[in-house]
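As structure tokens, the structure follows; a few thoughts come after it.
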Amino acid sequence: MADEEKQTLPDDGPEAKKNTWQQDVYSELKILTVVLAVVIVLFHFMTQLIVVVGSSMYPTLHDGDLLLAWRLNYEPQAGDVVIIHKETEAIQETIVKRIIATGGQTVEIDYAENKVYVDGVLLVEDYLNQEDEDIMEVKGDVTTVVVPEGSVFVMGDNRNHSTDSRFTQALGLVDEGYIIGKAICVFFPFFHIQWLGT
């Protein structure tokens with residue numbers, strides 16, 4: 001009978017198990033490093049987290065909402081909810097407002113009728129806080145303004161409780177350079193999760 005070839009069995013000893021464990025940890029660390037790098041790039045260059053402070057954007061946004069804002073290559077558009085950092089005597093923190101008009105457009109505010117016109121067209125603003133009888137009780141000092149190129153005219157959805165472009169000294173027109181980005185979603189608290197961007 002021919003000699004049977006001896007089969008070499010895999011080494012299942014402690015050293016082999018140690019090597020397998022080290023390879024698994026190394027693979028996990030590589031994956032974690034890639035994920036962390038992506039997250040850092042995403043949140044440093046492309047997006048930003050913002051906490052809403054105050055009620056100026058109610059009912060769209062609530063005090064304490066956590067927003068995700070898109071920063072990369074953002075071009076301001078009327079209707080967008082934006083994050084602004086423009087420090088004035090009245091405002092020192094980052095604020096959230098809605099763009100009503102962009103450069104070259106004319107804004108007219110009819111306080112008696114609670115209406116806003118852009119280039120002569122009445123805005124349909126179903127996002128406003130309608131709980132107050134007079135949604136523009138606080139009038140500011142602006143009734144008509146032509147927005148310069150490179151700037152935007154912003155207002156809060158809660159018109160009675162919003163310091164915005166209606167108030168020349170407090171905020172006024174906002175240079176686009178002060179816009180951090182566009183709010184695209186609320187993702188905390190969970191009961192108020194909503195998509196804001198298009």
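By convention in this document, the chains of the structure tokens carry letters A, B, ... by their order, each chain's residues are numbered from 1, and ligands are numbered from 1 in the order they are shown.
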> Could you pull out the strand (DSSP E or B) residues of chain A from DSSP and send them as a ChimeraX atom specification?
Replying inline: /A:47-51,66-70,81-84,95-102,106-110,115-118,121-122,144-146,151-155,174-175,179-188,194-195
> Can you list, as a list in words, every protein, DNA or RNA residue that comes within 9 Å of Ser165 (chain A) when you count only C-alpha atoms, leaving out same-chain residues fewer than 5 positions away?
Replying inline: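 Listing them by chain and then by number gives Gly140, Val142, Val152, Phe153, Val154, Met155, Ala170, Leu171, Gly172, Leu173 and Val174 of chain A.
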Using the selection just defined, write its residues with N, CA and C atoms as a PDB file, in the first residue's frame.
```
ATOM      1  N   GLY A 140     -40.714  98.085  12.427  1.00  0.00           N
ATOM      2  CA  GLY A 140     -39.392  98.414  11.934  1.00  0.00           C
ATOM      3  C   GLY A 140     -39.397  99.777  11.272  1.00  0.00           C
ATOM      4  N   VAL A 142     -38.483 100.117   7.729  1.00  0.00           N
ATOM      5  CA  VAL A 142     -38.382  99.932   6.274  1.00  0.00           C
ATOM      6  C   VAL A 142     -39.763  99.664   5.701  1.00  0.00           C
ATOM      7  N   VAL A 152     -29.058  90.361   0.610  1.00  0.00           N
ATOM      8  CA  VAL A 152     -30.398  89.774   0.681  1.00  0.00           C
ATOM      9  C   VAL A 152     -31.217  90.528   1.720  1.00  0.00           C
ATOM     10  N   PHE A 153     -32.529  90.448   1.558  1.00  0.00           N
ATOM     11  CA  PHE A 153     -33.480  90.996   2.529  1.00  0.00           C
ATOM     12  C   PHE A 153     -34.114  89.804   3.221  1.00  0.00           C
ATOM     13  N   VAL A 154     -34.002  89.746   4.554  1.00  0.00           N
ATOM     14  CA  VAL A 154     -34.499  88.585   5.294  1.00  0.00           C
ATOM     15  C   VAL A 154     -35.545  89.001   6.320  1.00  0.00           C
ATOM     16  N   MET A 155     -36.449  88.050   6.623  1.00  0.00           N
ATOM     17  CA  MET A 155     -37.443  88.261   7.666  1.00  0.00           C
ATOM     18  C   MET A 155     -37.658  86.944   8.394  1.00  0.00           C
ATOM     19  N   ALA A 170     -30.660  97.516  13.582  1.00  0.00           N
ATOM     20  CA  ALA A 170     -30.489  96.245  14.294  1.00  0.00           C
ATOM     21  C   ALA A 170     -29.887  95.155  13.407  1.00  0.00           C
ATOM     22  N   LEU A 171     -30.335  95.078  12.137  1.00  0.00           N
ATOM     23  CA  LEU A 171     -29.793  94.079  11.208  1.00  0.00           C
ATOM     24  C   LEU A 171     -29.662  94.638   9.804  1.00  0.00           C
ATOM     25  N   GLY A 172     -30.778  95.107   9.247  1.00  0.00           N
ATOM     26  CA  GLY A 172     -30.756  95.677   7.903  1.00  0.00           C
ATOM     27  C   GLY A 172     -30.526  94.634   6.823  1.00  0.00           C
ATOM     28  N   LEU A 173     -30.135  95.093   5.658  1.00  0.00           N
ATOM     29  CA  LEU A 173     -29.815  94.193   4.559  1.00  0.00           C
ATOM     30  C   LEU A 173     -28.585  93.361   4.932  1.00  0.00           C
ATOM     31  N   VAL A 174     -28.562  92.135   4.451  1.00  0.00           N
ATOM     32  CA  VAL A 174     -27.487  91.215   4.841  1.00  0.00           C
ATOM     33  C   VAL A 174     -26.606  90.914   3.636  1.00  0.00           C
TER      34      VAL A 174
END
```
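The shortest atom-to-atom distance to Val82 (chain A), with only C-alpha atoms taken into account, belongs to A:Glu176 out of A:Asp141, A:Glu131, A:Glu176, A:Glu113.
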> Hey, can you check how far CA of Glu149 (chain A) sits from CA of Ala101 (chain A)?
Replying inline: 10.7 Å
>> When you look at Asp63 (chain A) with a cut-off of 10 Å (counting only C-alpha atoms), what residues show up, excluding the ones that are within fewer than 6 positions of it in the same chain? I need them as a ChimeraX atom specification.
In response: /A:51-57
> So, counting only C-alpha atoms, which residue among A:Glu28, A:Asp164, A:Glu108, A:Asp126 is closest to Val138 (chain A)?
Replying inline: A:Asp164
